[in-house]
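Undergrad: Sharing model-v2.csv, CSV, C-alpha atoms:
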chain,number,residue,atom,x,y,z
H,1,MET,CA,-26.9,9.4,-63.9
H,2,ALA,CA,-27.1,9.2,-60.1
H,3,ASP,CA,-28.7,6.3,-58.4
H,4,ALA,CA,-32.3,6.8,-57.4
H,5,LEU,CA,-32.7,7.3,-53.6
H,6,ILE,CA,-35.6,5.6,-51.8
H,7,LEU,CA,-36.2,6.1,-48.1
H,8,HIS,CA,-38.0,3.1,-46.6
H,9,GLU,CA,-39.6,4.6,-43.5
H,10,TYR,CA,-42.2,5.2,-40.9
H,11,SER,CA,-42.8,8.9,-41.1
H,12,ASP,CA,-43.3,9.6,-37.4
H,13,SER,CA,-40.0,8.0,-36.5
H,14,GLY,CA,-37.3,10.5,-35.5
H,15,ASN,CA,-34.7,8.1,-37.0
H,16,CYS,CA,-36.4,8.4,-40.4
H,17,PHE,CA,-36.7,12.2,-39.9
H,18,LYS,CA,-32.9,12.5,-39.5
H,19,ILE,CA,-32.4,11.2,-43.0
H,20,ARG,CA,-35.1,13.5,-44.5
H,21,LEU,CA,-33.6,16.5,-42.7
H,22,THR,CA,-30.1,15.7,-43.9
H,23,ALA,CA,-31.3,15.3,-47.4
H,24,ALA,CA,-33.3,18.6,-47.2
H,25,LEU,CA,-30.3,20.5,-45.9
H,26,LEU,CA,-28.3,19.2,-48.7
H,27,GLY,CA,-31.0,19.8,-51.4
H,28,VAL,CA,-31.1,16.0,-52.2
H,29,ALA,CA,-34.4,14.5,-53.3
H,30,LEU,CA,-35.7,11.3,-51.7
H,31,GLU,CA,-38.5,9.1,-52.8
H,32,ARG,CA,-40.4,7.9,-49.7
H,33,ARG,CA,-42.0,4.5,-49.1
H,34,GLU,CA,-44.1,4.1,-45.9
H,35,TYR,CA,-44.4,1.0,-43.7
H,36,ASP,CA,-46.7,0.6,-40.7
H,37,ILE,CA,-44.3,-0.8,-38.0
H,38,GLN,CA,-47.2,-1.5,-35.7
H,39,LYS,CA,-48.7,-3.8,-38.3
H,40,GLY,CA,-45.5,-5.7,-38.7
H,41,GLU,CA,-44.8,-4.4,-42.2
H,42,THR,CA,-41.1,-4.5,-41.7
H,43,ARG,CA,-41.1,-8.1,-40.5
H,44,THR,CA,-42.5,-9.6,-43.7
H,45,GLU,CA,-40.4,-12.2,-45.5
H,46,HIS,CA,-40.0,-9.8,-48.4
H,47,PHE,CA,-38.8,-7.0,-46.2
H,48,LEU,CA,-36.4,-9.3,-44.3
H,49,THR,CA,-34.8,-10.8,-47.4
H,50,THR,CA,-34.8,-7.7,-49.6
H,51,VAL,CA,-34.6,-4.5,-47.5
H,52,ASN,CA,-33.2,-5.3,-44.1
H,53,ALA,CA,-32.6,-8.6,-42.4
H,54,ASN,CA,-32.8,-6.7,-39.1
H,55,GLY,CA,-36.5,-6.0,-39.7
H,56,ARG,CA,-36.2,-2.2,-39.0
H,57,ILE,CA,-36.7,1.1,-40.7
H,58,PRO,CA,-35.2,3.4,-41.8
H,59,VAL,CA,-33.3,1.9,-44.7
H,60,LEU,CA,-31.9,4.1,-47.4
H,61,GLN,CA,-32.0,2.4,-50.8
H,62,ILE,CA,-29.3,3.6,-53.2
H,63,GLY,CA,-30.0,2.2,-56.6
H,64,GLY,CA,-30.1,-1.5,-55.9
H,65,ARG,CA,-28.3,-1.4,-52.6
H,66,PHE,CA,-29.8,-1.1,-49.1
H,67,LEU,CA,-28.3,0.8,-46.2
H,68,PRO,CA,-29.9,0.3,-42.8
H,69,GLU,CA,-29.2,2.4,-39.6
H,70,SER,CA,-30.3,6.0,-39.7
H,71,ASN,CA,-27.0,7.5,-38.7
H,72,ALA,CA,-25.1,5.5,-41.4
H,73,ALA,CA,-27.6,6.7,-44.0
H,74,CYS,CA,-27.0,10.3,-42.9
H,75,CYS,CA,-23.2,9.7,-43.3
H,76,TRP,CA,-23.7,8.4,-46.9
H,77,LEU,CA,-25.9,11.3,-47.9
H,78,ALA,CA,-23.6,14.0,-46.4
H,79,HIS,CA,-20.4,12.4,-47.8
H,80,GLY,CA,-18.1,15.3,-48.8
H,81,SER,CA,-20.4,18.0,-47.5
H,82,ALA,CA,-20.0,20.7,-44.9
H,83,LEU,CA,-22.2,18.6,-42.5
H,84,ILE,CA,-19.2,16.3,-41.9
H,85,PRO,CA,-16.1,18.0,-40.4
H,86,THR,CA,-12.8,17.3,-42.2
H,87,ASP,CA,-10.6,17.8,-39.2
H,88,ARG,CA,-9.6,14.4,-37.8
H,89,PHE,CA,-10.7,15.1,-34.2
H,90,ASP,CA,-13.9,16.9,-35.1
H,91,HIS,CA,-14.9,14.1,-37.4
H,92,ALA,CA,-14.4,11.5,-34.7
H,93,ASP,CA,-16.1,13.7,-32.2
H,94,MET,CA,-19.2,14.0,-34.5
H,95,LEU,CA,-19.3,10.2,-34.6
H,96,ARG,CA,-18.9,10.2,-30.8
H,97,TRP,CA,-22.2,12.1,-30.5
H,98,MET,CA,-23.9,9.9,-33.1
H,99,PHE,CA,-22.9,6.7,-31.2
H,100,PHE,CA,-24.0,8.4,-27.9
H,101,GLU,CA,-27.3,9.2,-29.6
H,102,GLN,CA,-27.9,5.5,-30.4
H,103,TYR,CA,-26.8,4.2,-27.1
H,104,ASN,CA,-27.8,6.7,-24.4
H,105,HIS,CA,-30.5,8.9,-26.0
H,106,GLU,CA,-32.6,7.0,-28.5
H,107,PRO,CA,-33.3,3.8,-26.4
H,108,ASN,CA,-34.6,6.1,-23.6
H,109,ILE,CA,-36.2,9.2,-25.1
H,110,ALA,CA,-37.4,7.7,-28.4
H,111,THR,CA,-38.6,4.5,-26.8
H,112,LEU,CA,-40.7,6.4,-24.2
H,113,ARG,CA,-42.0,8.6,-27.0
H,114,PHE,CA,-43.0,5.5,-29.0
H,115,TRP,CA,-44.5,3.8,-26.0
H,116,ARG,CA,-46.5,6.8,-24.8
H,117,ARG,CA,-47.5,8.3,-28.2
H,118,MET,CA,-47.9,5.4,-30.6
H,119,VAL,CA,-48.5,2.3,-28.4
H,120,GLY,CA,-50.2,3.8,-25.4
H,121,GLU,CA,-49.2,3.2,-21.8
H,122,ASP,CA,-52.1,0.9,-21.1
H,123,ARG,CA,-51.0,-1.4,-23.9
H,124,LEU,CA,-47.4,-1.9,-22.5
H,125,ASP,CA,-46.5,-5.2,-21.0
H,126,SER,CA,-45.2,-5.5,-17.4
H,127,VAL,CA,-41.6,-5.7,-18.4
H,128,GLN,CA,-41.9,-2.5,-20.4
H,129,ARG,CA,-43.8,-0.7,-17.6
H,130,ALA,CA,-41.1,-1.8,-15.1
H,131,ALA,CA,-38.5,-0.3,-17.4
H,132,ILE,CA,-40.0,3.2,-17.5
H,133,PRO,CA,-38.3,4.7,-14.4
H,134,ALA,CA,-34.9,3.6,-15.6
H,135,LYS,CA,-35.5,5.0,-19.1
H,136,GLU,CA,-36.7,8.3,-17.6
H,137,GLY,CA,-33.5,8.6,-15.5
H,138,ALA,CA,-31.2,7.6,-18.4
H,139,GLY,CA,-33.0,9.9,-20.8
H,140,HIS,CA,-32.5,12.9,-18.4
H,141,ALA,CA,-28.9,11.9,-17.9
H,142,ALA,CA,-28.4,12.0,-21.7
H,143,LEU,CA,-30.1,15.4,-21.9
H,144,ALA,CA,-27.8,16.6,-19.1
H,145,VAL,CA,-24.7,15.5,-21.0
H,146,MET,CA,-25.9,17.5,-24.1
H,147,GLU,CA,-26.8,20.5,-21.9
H,148,ARG,CA,-23.4,20.6,-20.5
H,149,GLN,CA,-21.8,20.5,-23.9
H,150,LEU,CA,-24.1,23.1,-25.4
H,151,GLU,CA,-23.6,25.6,-22.5
H,152,THR,CA,-20.3,26.6,-23.9
H,153,ARG,CA,-20.7,26.0,-27.7
H,154,ASP,CA,-23.2,26.4,-30.5
H,155,TRP,CA,-22.8,23.0,-32.0
H,156,LEU,CA,-22.1,19.6,-30.6
H,157,ALA,CA,-18.9,18.8,-32.6
H,158,GLY,CA,-16.5,21.2,-34.4
H,159,ASP,CA,-17.4,24.8,-35.2
H,160,ALA,CA,-20.5,24.4,-37.3
H,161,ALA,CA,-23.7,22.3,-37.6
H,162,SER,CA,-22.9,18.7,-38.4
H,163,LEU,CA,-24.6,15.3,-38.5
H,164,ALA,CA,-24.2,15.2,-34.7
H,165,ASP,CA,-26.6,18.1,-34.4
H,166,ILE,CA,-29.1,16.7,-36.9
H,167,CYS,CA,-29.1,13.2,-35.4
H,168,LEU,CA,-29.5,14.4,-31.8
H,169,PHE,CA,-32.1,17.1,-32.8
H,170,ALA,CA,-34.4,14.4,-34.2
H,171,TYR,CA,-35.6,13.1,-30.8
H,172,SER,CA,-34.5,16.0,-28.6
H,173,HIS,CA,-36.9,18.5,-30.1
H,174,VAL,CA,-39.9,16.1,-29.6
H,175,ALA,CA,-38.7,14.8,-26.2
H,176,HIS,CA,-41.8,16.3,-24.5
H,177,GLN,CA,-43.8,13.7,-26.5
H,178,GLY,CA,-42.0,11.0,-24.4
H,179,GLY,CA,-42.5,12.9,-21.2
H,180,PHE,CA,-39.3,14.8,-21.1
H,181,ASP,CA,-39.8,18.5,-20.2
H,182,LEU,CA,-37.0,20.6,-21.8
H,183,ASP,CA,-37.6,23.6,-19.5
H,184,ALA,CA,-34.7,22.4,-17.4
H,185,TYR,CA,-32.4,22.5,-20.4
H,186,PRO,CA,-32.1,26.1,-21.7
H,187,ALA,CA,-28.9,25.4,-23.7
H,188,ILE,CA,-30.7,22.6,-25.6
H,189,GLN,CA,-33.6,24.8,-26.2
H,190,ALA,CA,-31.4,27.5,-27.7
H,191,TRP,CA,-29.6,24.9,-29.9
H,192,VAL,CA,-33.0,23.5,-31.1
H,193,GLY,CA,-33.7,27.1,-32.3
H,194,ARG,CA,-30.3,27.2,-34.1
H,195,VAL,CA,-31.0,23.8,-35.9
H,196,THR,CA,-34.5,24.9,-36.8
H,197,ALA,CA,-33.0,28.1,-38.4
H,198,LEU,CA,-30.6,26.2,-40.7
H,199,PRO,CA,-31.3,27.0,-44.4
H,200,GLY,CA,-33.4,24.2,-45.9
H,201,PHE,CA,-34.7,23.0,-42.6
H,202,VAL,CA,-37.9,20.9,-42.8
H,203,PRO,CA,-40.1,19.9,-39.8
H,204,ILE,CA,-40.6,16.3,-38.8
H,205,ASP,CA,-44.2,16.2,-40.2
H,206,HIS,CA,-43.2,17.7,-43.5
H,207,ARG,CA,-44.5,15.8,-46.6
D,1,MET,CA,5.8,15.1,-32.3
D,2,ALA,CA,2.5,13.2,-32.2
D,3,ASP,CA,0.1,13.6,-29.3
D,4,ALA,CA,0.4,11.0,-26.5
D,5,LEU,CA,-2.5,8.6,-26.5
D,6,ILE,CA,-4.0,7.4,-23.2
D,7,LEU,CA,-6.8,4.9,-23.1
D,8,HIS,CA,-9.0,5.4,-20.0
D,9,GLU,CA,-10.4,2.0,-19.6
D,10,TYR,CA,-11.7,-1.0,-17.7
D,11,SER,CA,-9.7,-3.9,-19.1
D,12,ASP,CA,-12.4,-6.5,-19.2
D,13,SER,CA,-14.8,-4.4,-21.2
D,14,GLY,CA,-15.1,-5.4,-24.8
D,15,ASN,CA,-15.7,-1.7,-25.7
D,16,CYS,CA,-12.2,-0.9,-24.4
D,17,PHE,CA,-10.7,-4.0,-26.1
D,18,LYS,CA,-12.0,-2.7,-29.5
D,19,ILE,CA,-9.7,0.3,-29.1
D,20,ARG,CA,-6.7,-1.8,-28.0
D,21,LEU,CA,-7.2,-4.2,-30.9
D,22,THR,CA,-7.5,-1.4,-33.4
D,23,ALA,CA,-4.3,0.2,-32.1
D,24,ALA,CA,-2.5,-3.2,-32.1
D,25,LEU,CA,-3.5,-3.9,-35.7
D,26,LEU,CA,-2.2,-0.5,-36.7
D,27,GLY,CA,1.0,-0.7,-34.7
D,28,VAL,CA,0.0,2.3,-32.5
D,29,ALA,CA,1.1,2.4,-28.9
D,30,LEU,CA,-1.4,3.3,-26.2
D,31,GLU,CA,-0.8,4.2,-22.6
D,32,ARG,CA,-3.5,2.5,-20.4
D,33,ARG,CA,-5.2,3.9,-17.3
D,34,GLU,CA,-7.5,1.5,-15.4
D,35,TYR,CA,-10.7,2.4,-13.6
D,36,ASP,CA,-12.9,0.0,-11.5
D,37,ILE,CA,-16.3,0.8,-12.8
D,38,GLN,CA,-17.9,-1.3,-10.1
D,39,LYS,CA,-16.4,1.0,-7.5
D,40,GLY,CA,-17.7,4.1,-9.2
D,41,GLU,CA,-14.3,5.3,-10.3
D,42,THR,CA,-15.8,6.8,-13.5
D,43,ARG,CA,-18.4,8.7,-11.6
D,44,THR,CA,-16.1,10.9,-9.5
D,45,GLU,CA,-16.3,14.7,-9.9
D,46,HIS,CA,-12.8,14.7,-11.4
D,47,PHE,CA,-13.7,12.1,-14.0
D,48,LEU,CA,-17.0,13.8,-14.9
D,49,THR,CA,-15.5,17.2,-15.3
D,50,THR,CA,-12.2,16.2,-17.0
D,51,VAL,CA,-12.5,12.9,-18.8
D,52,ASN,CA,-16.2,12.3,-19.7
D,53,ALA,CA,-19.3,14.0,-18.5
D,54,ASN,CA,-21.2,10.8,-19.4
D,55,GLY,CA,-19.3,8.9,-16.7
D,56,ARG,CA,-18.3,6.1,-18.9
D,57,ILE,CA,-15.2,4.4,-20.2
D,58,PRO,CA,-13.6,3.9,-22.7
D,59,VAL,CA,-12.3,7.4,-23.4
D,60,LEU,CA,-9.3,7.9,-25.7
D,61,GLN,CA,-7.2,10.9,-24.6
D,62,ILE,CA,-5.4,12.5,-27.5
D,63,GLY,CA,-2.9,15.0,-26.1
D,64,GLY,CA,-5.2,17.3,-24.0
D,65,ARG,CA,-8.5,16.3,-25.7
D,66,PHE,CA,-10.8,13.5,-24.7
D,67,LEU,CA,-12.8,11.3,-27.1
D,68,PRO,CA,-15.6,9.1,-25.5
D,69,GLU,CA,-17.4,6.3,-27.3
D,70,SER,CA,-15.5,3.2,-28.3
D,71,ASN,CA,-16.5,3.2,-31.9
D,72,ALA,CA,-15.6,6.8,-32.4
D,73,ALA,CA,-12.2,6.3,-30.8
D,74,CYS,CA,-11.6,3.4,-33.3
D,75,CYS,CA,-12.5,5.7,-36.1
D,76,TRP,CA,-10.0,8.3,-34.9
D,77,LEU,CA,-7.2,5.7,-34.6
D,78,ALA,CA,-7.9,4.1,-38.0
D,79,HIS,CA,-8.2,7.5,-39.8
D,80,GLY,CA,-6.6,7.0,-43.3
D,81,SER,CA,-5.8,3.3,-42.8
D,82,ALA,CA,-7.0,0.2,-44.6
D,83,LEU,CA,-9.4,-0.5,-41.7
D,84,ILE,CA,-11.7,2.2,-43.1
D,85,PRO,CA,-13.0,1.6,-46.6
D,86,THR,CA,-12.6,4.6,-49.0
D,87,ASP,CA,-15.6,3.6,-51.2
D,88,ARG,CA,-18.6,5.8,-50.3
D,89,PHE,CA,-21.1,2.9,-49.9
D,90,ASP,CA,-18.6,0.6,-48.1
D,91,HIS,CA,-17.6,3.3,-45.7
D,92,ALA,CA,-21.3,4.0,-44.8
D,93,ASP,CA,-21.9,0.3,-44.6
D,94,MET,CA,-19.0,-0.1,-42.1
D,95,LEU,CA,-20.7,2.6,-39.9
D,96,ARG,CA,-24.0,0.8,-40.3
D,97,TRP,CA,-22.6,-2.3,-38.6
D,98,MET,CA,-21.0,-0.1,-35.9
D,99,PHE,CA,-24.3,1.6,-35.1
D,100,PHE,CA,-26.0,-1.8,-35.2
D,101,GLU,CA,-23.3,-3.0,-32.7
D,102,GLN,CA,-24.2,-0.2,-30.2
D,103,TYR,CA,-27.9,-0.5,-30.6
D,104,ASN,CA,-28.7,-4.2,-31.2
D,105,HIS,CA,-25.7,-6.1,-30.0
D,106,GLU,CA,-23.9,-4.4,-27.1
D,107,PRO,CA,-27.0,-3.6,-24.9
D,108,ASN,CA,-27.9,-7.3,-25.0
D,109,ILE,CA,-24.8,-9.4,-25.4
D,110,ALA,CA,-22.4,-7.2,-23.5
D,111,THR,CA,-24.9,-6.3,-20.8
D,112,LEU,CA,-25.7,-10.0,-20.1
D,113,ARG,CA,-22.0,-10.7,-20.0
D,114,PHE,CA,-21.5,-7.9,-17.5
D,115,TRP,CA,-24.4,-9.0,-15.4
D,116,ARG,CA,-23.5,-12.6,-15.3
D,117,ARG,CA,-19.7,-12.4,-15.2
D,118,MET,CA,-18.9,-9.2,-13.3
D,119,VAL,CA,-22.0,-8.4,-11.2
D,120,GLY,CA,-23.4,-11.9,-10.6
D,121,GLU,CA,-27.1,-12.9,-11.2
D,122,ASP,CA,-27.9,-13.0,-7.5
D,123,ARG,CA,-27.0,-9.3,-7.2
D,124,LEU,CA,-29.2,-8.1,-10.0
D,125,ASP,CA,-32.3,-6.1,-9.1
D,126,SER,CA,-35.8,-7.2,-10.1
D,127,VAL,CA,-36.0,-4.9,-13.1
D,128,GLN,CA,-32.7,-6.2,-14.4
D,129,ARG,CA,-33.8,-9.8,-13.8
D,130,ALA,CA,-37.1,-9.2,-15.6
D,131,ALA,CA,-35.2,-7.8,-18.6
D,132,ILE,CA,-33.1,-10.9,-19.1
D,133,PRO,CA,-35.4,-12.9,-21.4
D,134,ALA,CA,-35.9,-9.9,-23.8
D,135,LYS,CA,-32.1,-9.3,-23.8
D,136,GLU,CA,-31.5,-13.0,-24.6
D,137,GLY,CA,-33.9,-12.8,-27.5
D,138,ALA,CA,-32.6,-9.6,-28.9
D,139,GLY,CA,-29.0,-10.8,-28.5
D,140,HIS,CA,-29.7,-13.9,-30.5
D,141,ALA,CA,-31.6,-11.8,-33.1
D,142,ALA,CA,-28.5,-9.7,-33.5
D,143,LEU,CA,-26.3,-12.7,-33.9
D,144,ALA,CA,-28.7,-14.1,-36.5
D,145,VAL,CA,-28.4,-10.9,-38.5
D,146,MET,CA,-24.6,-11.2,-38.4
D,147,GLU,CA,-24.8,-14.9,-39.3
D,148,ARG,CA,-26.8,-14.2,-42.4
D,149,GLN,CA,-24.4,-11.5,-43.6
D,150,LEU,CA,-21.3,-13.7,-43.0
D,151,GLU,CA,-22.8,-16.8,-44.7
D,152,THR,CA,-21.9,-15.2,-48.1
D,153,ARG,CA,-19.0,-13.0,-47.3
D,154,ASP,CA,-15.7,-13.0,-45.3
D,155,TRP,CA,-16.1,-9.5,-43.8
D,156,LEU,CA,-19.1,-7.5,-42.6
D,157,ALA,CA,-18.6,-4.5,-44.9
D,158,GLY,CA,-16.5,-4.1,-48.1
D,159,ASP,CA,-14.0,-6.6,-49.3
D,160,ALA,CA,-11.5,-6.6,-46.3
D,161,ALA,CA,-11.4,-6.5,-42.5
D,162,SER,CA,-12.7,-3.1,-41.3
D,163,LEU,CA,-13.6,-1.5,-38.0
D,164,ALA,CA,-17.1,-3.1,-38.4
D,165,ASP,CA,-15.4,-6.5,-37.9
D,166,ILE,CA,-13.2,-5.3,-35.0
D,167,CYS,CA,-16.1,-3.6,-33.2
D,168,LEU,CA,-18.5,-6.6,-33.6
D,169,PHE,CA,-15.7,-9.1,-32.8
D,170,ALA,CA,-15.2,-7.6,-29.3
D,171,TYR,CA,-18.3,-8.9,-27.7
D,172,SER,CA,-19.2,-11.7,-30.2
D,173,HIS,CA,-16.1,-13.8,-29.5
D,174,VAL,CA,-16.9,-13.7,-25.7
D,175,ALA,CA,-20.7,-14.0,-26.1
D,176,HIS,CA,-20.6,-17.4,-24.3
D,177,GLN,CA,-19.6,-15.4,-21.2
D,178,GLY,CA,-23.1,-13.8,-21.4
D,179,GLY,CA,-24.8,-17.1,-22.0
D,180,PHE,CA,-24.9,-17.0,-25.8
D,181,ASP,CA,-23.8,-20.3,-27.3
D,182,LEU,CA,-22.2,-19.7,-30.7
D,183,ASP,CA,-22.6,-23.3,-31.9
D,184,ALA,CA,-25.7,-22.3,-33.8
D,185,TYR,CA,-23.7,-19.6,-35.7
D,186,PRO,CA,-21.0,-21.4,-37.8
D,187,ALA,CA,-20.5,-18.4,-40.1
D,188,ILE,CA,-19.8,-16.2,-37.1
D,189,GLN,CA,-17.4,-18.8,-35.7
D,190,ALA,CA,-15.4,-18.9,-39.0
D,191,TRP,CA,-15.3,-15.1,-39.0
D,192,VAL,CA,-14.0,-15.1,-35.4
D,193,GLY,CA,-11.2,-17.3,-36.7
D,194,ARG,CA,-10.4,-14.8,-39.5
D,195,VAL,CA,-10.3,-11.8,-37.2
D,196,THR,CA,-8.1,-13.7,-34.8
D,197,ALA,CA,-5.7,-14.5,-37.6
D,198,LEU,CA,-5.2,-10.8,-38.6
D,199,PRO,CA,-1.5,-9.7,-38.4
D,200,GLY,CA,-1.0,-7.9,-35.1
D,201,PHE,CA,-4.1,-9.4,-33.4
D,202,VAL,CA,-4.0,-9.3,-29.6
D,203,PRO,CA,-6.4,-11.1,-27.3
D,204,ILE,CA,-8.8,-9.3,-24.9
D,205,ASP,CA,-6.8,-10.2,-21.9
D,206,HIS,CA,-3.5,-9.0,-23.3
D,207,ARG,CA,-1.4,-6.7,-21.2
Can the structure from this file be put into structure tokens for me?
TA:
Amino acid sequence: MADALILHEYSDSGNCFKIRLTAALLGVALERREYDIQKGETRTEHFLTTVNANGRIPVLQIGGRFLPESNAACCWLAHGSALIPTDRFDHADMLRWMFFEQYNHEPNIATLRFWRRMVGEDRLDSVQRAAIPAKEGAGHAALAVMERQLETRDWLAGDAASLADICLFAYSHVAHQGGFDLDAYPAIQAWVGRVTALPGFVPIDHR
Amino acid sequence: MADALILHEYSDSGNCFKIRLTAALLGVALERREYDIQKGETRTEHFLTTVNANGRIPVLQIGGRFLPESNAACCWLAHGSALIPTDRFDHADMLRWMFFEQYNHEPNIATLRFWRRMVGEDRLDSVQRAAIPAKEGAGHAALAVMERQLETRDWLAGDAASLADICLFAYSHVAHQGGFDLDAYPAIQAWVGRVTALPGFVPIDHR
């Protein structure tokens, strides 16, 4: 019998959505356990000692083991599937976009979405407010790198949809909620349409 | 005949060192091409159109193809080697630590090292200076997560040294250059010793 899969999550997070979307595309069932990150529910002693010492969601629980980091959880789920290219270069190139997502995209686009949508700009501290212009610039720079890649190809890595597309889709398709207008990125918009059309696709607010 | 491998790099960068260390442990030869990132040599039109549209090093050139993102380049190099666990969970857990490295560790520990060692604190702008306390706190939080993991095991993922150890070693072992004293992290110090003792190990300043 396969291990039960439990997603420890905060539903509105794009990082959690990546895992739900990967599972849906693969036809894998996940049990879901919700935490309110704004109430510190991922910083309790129980969470830190049992689920993730880093105090963050998502964490994919696989039987009795816990796997933090959204992109790593997607890799575990998609193991051996068509969402991971088998070609050596394409596989590394998929990971390249996933590392880019965590370094150049998420800290800017997802963070501004969180600040503006969940926290509220008037509740930010002065250091956060001072960081907004740099995050706006870096977020647009990340979108420009994606746009350039998608001008000449349908998918970010290899010849078909891979985890690179799923992981970058998560916050790109809701970038407007962070203040990023996608009108200037027609190739990204067309790609968003292609991801949305994948068989088994589920939206971010699906329950 | 195998493709020629060229590392486009800035030698003092821990991200570039990861790739050199992985290659050294595997006995793979790399040609090295140096760029001065402080002089904008990775932002030239030629670099952006040919090497990396993201304007960053390292990039591993494999024949005529270019692979950005240090951790992805390590994965390409170590493909099929003992540095990548074959067990499904351990493999994903290795990637978990590598994503953690790019999200929680590098932007704090490597950035403060770069600001203090290469740029100089007096040349930072006011937004950068205001970000220092948060980066110090987040860097220590990342080290604490590693310390907790390494208190009960020799290697971060699986039963042997993997890319997770190489990628987190890169900036951890020079954390003091960013102002992070490792005295409070005895398990990390012992692990630094274990990585340094791996057959084929090369130091960061090796040429």
Undergrad: Please list as number ranges by chain every residue within 10 Å of range 141-154 of chain H, counting all atoms listed in the file and excluding residues in the same chain fewer than 5 positions away.
TA: H: 97, 100-101, 103-106, 108-109, 135-136, 159-161, 165, 168, 172, 175, 180, 182, 184-191, 194-195; D: 48, 52-55
Undergrad: At a cut-off of 7 Å, which residues of chain H touch chain D? Count all atoms listed in the file and give the answer as a list in words.
TA: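 Residues satisfying the distance criterion: Ala53, Asn54, Leu67, Pro68, Glu69, Ala72, Ala73, Cys75, Trp76, Arg88, Phe89, Ala92, Asp93, Leu95, Arg96, Phe99, Phe100, Gln102, Tyr103, Val127, Ala130, Ala131 and Val145 of chain H.
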Undergrad: Just how far from CA of Glu34 in chain D is CA of Gly64 in chain D, in Å to one decimal?
TA: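 Those two atoms sit 18.1 Å apart.
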Undergrad: Closest to Gly179 in chain D among D:Pro203, D:Ile166, D:Thr111, D:Leu198, using only C-alpha atoms?
TA: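 For Gly179 in chain D, the nearest of the candidates is D:Thr111.
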Undergrad: What is the distance, in Å and to one decimal place, between CA of Leu7 in chain D and CA of Pro58 in chain D?
TA: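 Between these atoms lies a distance of 6.9 Å.
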Undergrad: Have a look at CA of Ala82 in chain H and CA of Cys167 in chain H and let me know their distance in Å, one decimal.
TA: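 Between these atoms lies a distance of 15.1 Å.
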Undergrad: Considering all atoms listed in the file, state which residue in the set H:Asp125, H:Ala24, H:Gly137, H:Val51 is at the smallest distance from His8 in chain H.
TA: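 For His8 in chain H, the nearest of the given residues is H:Val51.
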Undergrad: Would you please work out which residue, of H:Thr50, H:Ser11, H:Thr86, H:Ser81, is nearest to Gly27 in chain H when using all atoms listed in the file?
TA: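 Among H:Thr50, H:Ser11, H:Thr86, H:Ser81, it is H:Ser81 that comes nearest to Gly27 in chain H.
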Undergrad: When distances are computed from all atoms listed in the file, which of D:Lys18, D:Ala78, D:Ile37, D:Gly139 shows the smallest separation from Asp181 in chain D?
TA: D:Gly139
Undergrad: Choose the residue, out of D:Val174, D:Leu5, D:Leu156, D:Leu30, that has the smallest atom-to-atom separation from Gly63 in chain D; count only C-alpha atoms.
TA: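 So, comparing all the options, the nearest one is D:Leu5.
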